[in-house]
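First the structure, in the form of structure tokens, and then the observations on it.
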Amino acid sequence: MAFNGLGIRLVAISVDAPEVSAELCRKAGYSYAFLSDPNAEVIRRYDLVHPGGGVNGQDIARPAEFLLDSSGVVRWVNLTEDFRVRATPEEMFKAAKALH
Amino acid sequence: MRKQRWNGPVWLGFPFSLLAFMSYSLVFARFPVTRNVPWVNFLLFGISAALLFLGFRRILRDVQSFPGKTVGSIVIFLSASIFCIFCYVIFHATKQLPGSIGAPKIGQKAPQFALRDTQENSVSLATLLSTPLDQSNPSQRDPKGVLLIFYRGYW
């Protein structure tokens, strides 16, 4: 993937169980890391909880993207105001390029 | 008395508005180009409105050939309601997000975590930041950065 070429690791995080994410990766062909936060603990730590936002009223993550440098410092962030509208791969790629 | 004829536009207008509504979550929300601005759905609503307008105009102009003023009015009301619900969802409901004022900001260190990956292995942020992207290539250095993508899940 192009992000690999920039030395950027992609990591996806949601409340989905590992097997749900595994199925998604298999179907969509994603090769990057998918991490499971079923109780939204990390999502809460990042203050990204969308209370009752899940299809059955579960607490889930609002869409958000953070680009961290190698020391773990946030260098770019996108918190959408509308969960239908997320950062595009192009926007994220631009931010990743700017990290160099 | 003139023969009564089938008023196609009125009857097609309603399914078109249903299609315009349903096709967003079923199809067009999958692609950013039709999701961020739901132009295809608005186009379908436009077609629905045009059909309903043409059909109702027929009724008004020639009610003997095209009866059904009451039913036509109901169909138009239902279609308009579907359009209003769609607008409510698109312009209001999906924007009801928490403030997230405590979310990490530019220049701040991202909070540590350890979560399970799809193989049930525990993976920490520190590991993600320090493990080379291509472990089969020993000359490769640590990643330059990590892009954390939080998403809603339940696909």
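Identifiers for the structure tokens are assigned positionally: chains receive A, B, ... in sequence, residues are indexed from 1 per chain, and ligands are indexed from 1 in the order shown.
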
So that I can check the surroundings of region 116-118 of chain B, please list as a PDB file with N, CA and C atoms, in the first residue's frame every protein, DNA and RNA residue that reaches within 9 Å of it, counting only C-alpha atoms and ignoring chain neighbours fewer than 2 positions away.
ATOM      1  N   ALA A  17     -15.775  -6.949  17.345  1.00  0.00           N
ATOM      2  CA  ALA A  17     -14.991  -8.077  17.857  1.00  0.00           C
ATOM      3  C   ALA A  17     -13.939  -8.475  16.818  1.00  0.00           C
ATOM      4  N   PRO A  18     -12.824  -9.086  17.271  1.00  0.00           N
ATOM      5  CA  PRO A  18     -11.765  -9.474  16.321  1.00  0.00           C
ATOM      6  C   PRO A  18     -12.282 -10.297  15.148  1.00  0.00           C
ATOM      7  N   GLU A  19     -13.234 -11.200  15.412  1.00  0.00           N
ATOM      8  CA  GLU A  19     -13.705 -12.048  14.300  1.00  0.00           C
ATOM      9  C   GLU A  19     -14.523 -11.240  13.287  1.00  0.00           C
ATOM     10  N   VAL A  20     -15.215 -10.201  13.763  1.00  0.00           N
ATOM     11  CA  VAL A  20     -15.979  -9.343  12.844  1.00  0.00           C
ATOM     12  C   VAL A  20     -15.001  -8.577  11.941  1.00  0.00           C
ATOM     13  N   SER A  21     -13.931  -8.046  12.552  1.00  0.00           N
ATOM     14  CA  SER A  21     -12.932  -7.312  11.773  1.00  0.00           C
ATOM     15  C   SER A  21     -12.193  -8.242  10.822  1.00  0.00           C
ATOM     16  N   ALA A  22     -11.944  -9.473  11.277  1.00  0.00           N
ATOM     17  CA  ALA A  22     -11.259 -10.447  10.425  1.00  0.00           C
ATOM     18  C   ALA A  22     -12.086 -10.719   9.175  1.00  0.00           C
ATOM     19  N   GLU A  23     -13.396 -10.822   9.384  1.00  0.00           N
ATOM     20  CA  GLU A  23     -14.302 -11.052   8.256  1.00  0.00           C
ATOM     21  C   GLU A  23     -14.287  -9.855   7.300  1.00  0.00           C
ATOM     22  N   CYS A  25     -11.833  -7.711   6.886  1.00  0.00           N
ATOM     23  CA  CYS A  25     -10.538  -7.698   6.190  1.00  0.00           C
ATOM     24  C   CYS A  25     -10.531  -8.712   5.047  1.00  0.00           C
ATOM     25  N   ALA A  33      -3.664  -3.347  10.206  1.00  0.00           N
ATOM     26  CA  ALA A  33      -4.106  -3.840  11.512  1.00  0.00           C
ATOM     27  C   ALA A  33      -5.495  -3.339  11.864  1.00  0.00           C
ATOM     28  N   PHE A  34      -6.336  -4.245  12.337  1.00  0.00           N
ATOM     29  CA  PHE A  34      -7.648  -3.892  12.857  1.00  0.00           C
ATOM     30  C   PHE A  34      -7.676  -4.292  14.325  1.00  0.00           C
ATOM     31  N   LEU A  35      -7.891  -3.312  15.187  1.00  0.00           N
ATOM     32  CA  LEU A  35      -7.885  -3.578  16.615  1.00  0.00           C
ATOM     33  C   LEU A  35      -9.297  -3.472  17.176  1.00  0.00           C
ATOM     34  N   SER A  36      -9.552  -4.319  18.154  1.00  0.00           N
ATOM     35  CA  SER A  36     -10.892  -4.426  18.723  1.00  0.00           C
ATOM     36  C   SER A  36     -10.931  -3.781  20.108  1.00  0.00           C
ATOM     37  N   ASP A  37     -11.872  -2.885  20.292  1.00  0.00           N
ATOM     38  CA  ASP A  37     -12.061  -2.200  21.576  1.00  0.00           C
ATOM     39  C   ASP A  37     -13.522  -2.385  21.989  1.00  0.00           C
TER      40      ASP A  37
ATOM     41  N   ALA B 114      -3.491  -0.884  24.582  1.00  0.00           N
ATOM     42  CA  ALA B 114      -3.188  -2.235  24.109  1.00  0.00           C
ATOM     43  C   ALA B 114      -4.527  -2.904  23.805  1.00  0.00           C
ATOM     44  N   GLU B 120      -6.349 -12.089  17.655  1.00  0.00           N
ATOM     45  CA  GLU B 120      -6.489 -12.132  19.117  1.00  0.00           C
ATOM     46  C   GLU B 120      -5.187 -11.830  19.853  1.00  0.00           C
ATOM     47  N   ASN B 121      -4.175 -11.294  19.155  1.00  0.00           N
ATOM     48  CA  ASN B 121      -2.946 -10.893  19.837  1.00  0.00           C
ATOM     49  C   ASN B 121      -3.124  -9.499  20.396  1.00  0.00           C
ATOM     50  N   SER B 122      -2.573  -9.273  21.581  1.00  0.00           N
ATOM     51  CA  SER B 122      -2.623  -7.940  22.160  1.00  0.00           C
ATOM     52  C   SER B 122      -1.546  -7.078  21.502  1.00  0.00           C
ATOM     53  N   VAL B 123      -1.961  -5.900  21.026  1.00  0.00           N
ATOM     54  CA  VAL B 123      -1.044  -4.999  20.316  1.00  0.00           C
ATOM     55  C   VAL B 123      -1.088  -3.642  21.008  1.00  0.00           C
ATOM     56  N   SER B 124       0.078  -3.133  21.391  1.00  0.00           N
ATOM     57  CA  SER B 124       0.104  -1.828  22.064  1.00  0.00           C
ATOM     58  C   SER B 124       0.501  -0.743  21.079  1.00  0.00           C
TER      59      SER B 124
END

Hey, which bits of chain B sit within 6 Å of chain A, and for each residue what's the closest pair of atoms and how far apart in Å (one decimal), counting only C-alpha atoms, rows by chain and increasing number, as a Markdown table?
| residue | atom | partner | partner_atom | distance |
| --- | --- | --- | --- | --- |
| B:Asn36 | CA | A:Val85 | CA | 5.1 |
| B:Thr94 | CA | A:Asp82 | CA | 5.4 |
| B:Lys95 | CA | A:Asp82 | CA | 4.3 |
| B:Ser100 | CA | A:Asp47 | CA | 5.2 |
| B:Gly102 | CA | A:Asp47 | CA | 5.3 |
| B:Ala103 | CA | A:Asp47 | CA | 4.9 |
| B:Ile106 | CA | A:Val74 | CA | 4.8 |
| B:Gly107 | CA | A:Val74 | CA | 5.4 |
| B:Gln108 | CA | A:Val73 | CA | 5.5 |
| B:Lys109 | CA | A:Val73 | CA | 4.2 |
| B:Ala110 | CA | A:Gly72 | CA | 5.8 |
| B:Leu115 | CA | A:Leu35 | CA | 5.8 |
| B:Arg116 | CA | A:Ser36 | CA | 5.5 |
| B:Asp117 | CA | A:Leu35 | CA | 4.5 |
| B:Thr118 | CA | A:Pro18 | CA | 4.4 |
| B:Leu129 | CA | A:Ser70 | CA | 5.7 |
| B:Pro143 | CA | A:Gly7 | CA | 4.9 |
| B:Lys144 | CA | A:Gly7 | CA | 5.0 |
| B:Gly145 | CA | A:Asp69 | CA | 4.2 |
| B:Val146 | CA | A:Arg9 | CA | 4.6 |
| B:Leu147 | CA | A:Leu67 | CA | 4.4 |
| B:Leu148 | CA | A:Val11 | CA | 5.0 |
| B:Ile149 | CA | A:Glu65 | CA | 4.6 |
| B:Phe150 | CA | A:Ile13 | CA | 4.8 |
| B:Tyr151 | CA | A:Pro63 | CA | 4.6 |
| B:Arg152 | CA | A:Ala61 | CA | 5.1 |
| B:Gly153 | CA | A:Ser14 | CA | 5.4 |

Run DSSP on the backbone and give me the residues of region 41-97 of chain B it puts in helix (DSSP H, G or I), as a CSV table (one decimal) with N, CA and C atoms, in the first residue's frame.
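Result written to states_13.csv:
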chain,number,residue,atom,x,y,z
B,41,ASN,N,-29.2,10.6,-4.7
B,41,ASN,CA,-30.5,10.4,-4.0
B,41,ASN,C,-31.3,11.7,-4.2
B,42,PHE,N,-30.7,12.8,-4.2
B,42,PHE,CA,-31.5,14.1,-4.5
B,42,PHE,C,-32.0,14.1,-6.0
B,43,LEU,N,-31.1,13.5,-6.9
B,43,LEU,CA,-31.6,13.4,-8.3
B,43,LEU,C,-32.8,12.5,-8.4
B,44,LEU,N,-32.8,11.3,-7.6
B,44,LEU,CA,-33.9,10.4,-7.6
B,44,LEU,C,-35.2,11.1,-7.0
B,45,PHE,N,-34.9,11.9,-6.0
B,45,PHE,CA,-36.1,12.6,-5.4
B,45,PHE,C,-36.6,13.6,-6.4
B,46,GLY,N,-35.7,14.2,-7.2
B,46,GLY,CA,-36.1,15.2,-8.2
B,46,GLY,C,-37.0,14.5,-9.3
B,47,ILE,N,-36.6,13.3,-9.7
B,47,ILE,CA,-37.3,12.5,-10.7
B,47,ILE,C,-38.7,12.2,-10.1
B,48,SER,N,-38.7,11.8,-8.8
B,48,SER,CA,-40.0,11.5,-8.2
B,48,SER,C,-40.9,12.7,-8.2
B,49,ALA,N,-40.3,13.9,-7.8
B,49,ALA,CA,-41.1,15.1,-7.7
B,49,ALA,C,-41.7,15.5,-9.1
B,50,ALA,N,-40.8,15.3,-10.2
B,50,ALA,CA,-41.3,15.6,-11.5
B,50,ALA,C,-42.4,14.7,-12.0
B,51,LEU,N,-42.3,13.4,-11.7
B,51,LEU,CA,-43.4,12.5,-12.0
B,51,LEU,C,-44.7,12.8,-11.3
B,52,LEU,N,-44.6,13.1,-10.0
B,52,LEU,CA,-45.7,13.4,-9.2
B,52,LEU,C,-46.4,14.7,-9.8
B,53,PHE,N,-45.5,15.7,-10.1
B,53,PHE,CA,-46.1,17.0,-10.6
B,53,PHE,C,-46.8,16.7,-11.9
B,54,LEU,N,-46.2,16.0,-12.9
B,54,LEU,CA,-46.8,15.7,-14.2
B,54,LEU,C,-48.1,14.9,-14.0
B,55,GLY,N,-48.1,13.9,-13.1
B,55,GLY,CA,-49.3,13.1,-12.9
B,55,GLY,C,-50.4,13.9,-12.3
B,56,PHE,N,-50.1,14.8,-11.3
B,56,PHE,CA,-51.1,15.5,-10.7
B,56,PHE,C,-51.7,16.6,-11.6
B,57,ARG,N,-50.8,17.1,-12.5
B,57,ARG,CA,-51.3,18.1,-13.4
B,57,ARG,C,-52.3,17.5,-14.4
B,58,ARG,N,-52.0,16.2,-14.8
B,58,ARG,CA,-53.0,15.5,-15.6
B,58,ARG,C,-54.3,15.4,-14.9
B,59,ILE,N,-54.3,15.0,-13.6
B,59,ILE,CA,-55.6,14.9,-12.9
B,59,ILE,C,-56.3,16.2,-12.9
B,60,LEU,N,-55.6,17.3,-12.6
B,60,LEU,CA,-56.3,18.6,-12.5
B,60,LEU,C,-56.8,19.0,-13.9
B,61,ARG,N,-56.1,18.7,-14.9
B,61,ARG,CA,-56.5,19.1,-16.3
B,61,ARG,C,-57.7,18.3,-16.8
B,69,LYS,N,-58.0,12.2,-7.5
B,69,LYS,CA,-57.4,13.4,-6.9
B,69,LYS,C,-57.0,13.2,-5.5
B,70,THR,N,-57.8,12.5,-4.7
B,70,THR,CA,-57.5,12.2,-3.3
B,70,THR,C,-56.3,11.3,-3.2
B,71,VAL,N,-56.4,10.2,-3.9
B,71,VAL,CA,-55.3,9.2,-3.8
B,71,VAL,C,-54.0,9.9,-4.3
B,72,GLY,N,-54.1,10.7,-5.4
B,72,GLY,CA,-52.9,11.4,-5.8
B,72,GLY,C,-52.3,12.4,-4.8
B,73,SER,N,-53.2,13.0,-4.1
B,73,SER,CA,-52.8,14.0,-3.0
B,73,SER,C,-52.1,13.2,-1.9
B,74,ILE,N,-52.6,12.0,-1.5
B,74,ILE,CA,-52.0,11.2,-0.5
B,74,ILE,C,-50.6,10.8,-0.9
B,75,VAL,N,-50.5,10.3,-2.1
B,75,VAL,CA,-49.2,9.8,-2.6
B,75,VAL,C,-48.2,11.0,-2.6
B,76,ILE,N,-48.6,12.1,-3.0
B,76,ILE,CA,-47.7,13.3,-3.0
B,76,ILE,C,-47.3,13.6,-1.6
B,77,PHE,N,-48.3,13.6,-0.6
B,77,PHE,CA,-48.0,13.9,0.8
B,77,PHE,C,-47.0,12.9,1.3
B,78,LEU,N,-47.2,11.6,1.0
B,78,LEU,CA,-46.3,10.5,1.5
B,78,LEU,C,-44.9,10.7,0.9
B,79,SER,N,-44.8,11.0,-0.4
B,79,SER,CA,-43.5,11.2,-1.0
B,79,SER,C,-42.8,12.4,-0.4
B,80,ALA,N,-43.5,13.5,-0.2
B,80,ALA,CA,-42.9,14.7,0.4
B,80,ALA,C,-42.4,14.4,1.8
B,81,SER,N,-43.2,13.5,2.6
B,81,SER,CA,-42.8,13.2,3.9
B,81,SER,C,-41.5,12.4,3.9
B,82,ILE,N,-41.4,11.5,2.9
B,82,ILE,CA,-40.1,10.7,2.8
B,82,ILE,C,-38.9,11.6,2.5
B,83,PHE,N,-39.2,12.6,1.7
B,83,PHE,CA,-38.1,13.5,1.3
B,83,PHE,C,-37.7,14.3,2.6
B,84,CYS,N,-38.7,14.7,3.4
B,84,CYS,CA,-38.4,15.5,4.6
B,84,CYS,C,-37.6,14.6,5.6
B,85,ILE,N,-37.9,13.4,5.7
B,85,ILE,CA,-37.2,12.5,6.7
B,85,ILE,C,-35.8,12.4,6.2
B,86,PHE,N,-35.6,12.2,4.8
B,86,PHE,CA,-34.3,12.1,4.3
B,86,PHE,C,-33.4,13.3,4.6
B,87,CYS,N,-34.0,14.5,4.4
B,87,CYS,CA,-33.3,15.7,4.6
B,87,CYS,C,-32.9,15.8,6.1
B,88,TYR,N,-33.9,15.4,7.0
B,88,TYR,CA,-33.6,15.4,8.4
B,88,TYR,C,-32.4,14.6,8.8
B,89,VAL,N,-32.3,13.4,8.2
B,89,VAL,CA,-31.2,12.5,8.4
B,89,VAL,C,-29.9,13.1,7.9
B,90,ILE,N,-29.9,13.5,6.7
B,90,ILE,CA,-28.7,14.0,6.0
B,90,ILE,C,-28.2,15.3,6.6
B,91,PHE,N,-29.1,16.2,6.9
B,91,PHE,CA,-28.7,17.6,7.3
B,91,PHE,C,-28.7,17.7,8.8
B,93,ALA,N,-29.4,14.6,11.6
B,93,ALA,CA,-29.2,13.5,12.5
B,93,ALA,C,-27.8,13.0,12.5
B,94,THR,N,-27.1,13.0,11.3
B,94,THR,CA,-25.7,12.4,11.3
B,94,THR,C,-24.7,13.5,11.8
B,95,LYS,N,-25.2,14.7,12.1
B,95,LYS,CA,-24.3,15.7,12.7
B,95,LYS,C,-24.4,15.7,14.2

task: Please measure the separation of CA of Gln96 (chain B) and CA of Ala40 (chain A), giving the value in Å to one decimal.
output: 18.8 Å

message: As an exercise, work out the distance from CA of Thr34 (chain B) to CA of Leu97 (chain B) in Å and give it to one decimal place.
response: 21.4 Å

- prompt: From the set B:Phe31, B:Trp39, B:Tyr154, B:Trp6, which residue has the shortest atom-to-atom contact distance to Val63 (chain B), counting only C-alpha atoms?
  reply: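 Closest candidate: B:Trp6.
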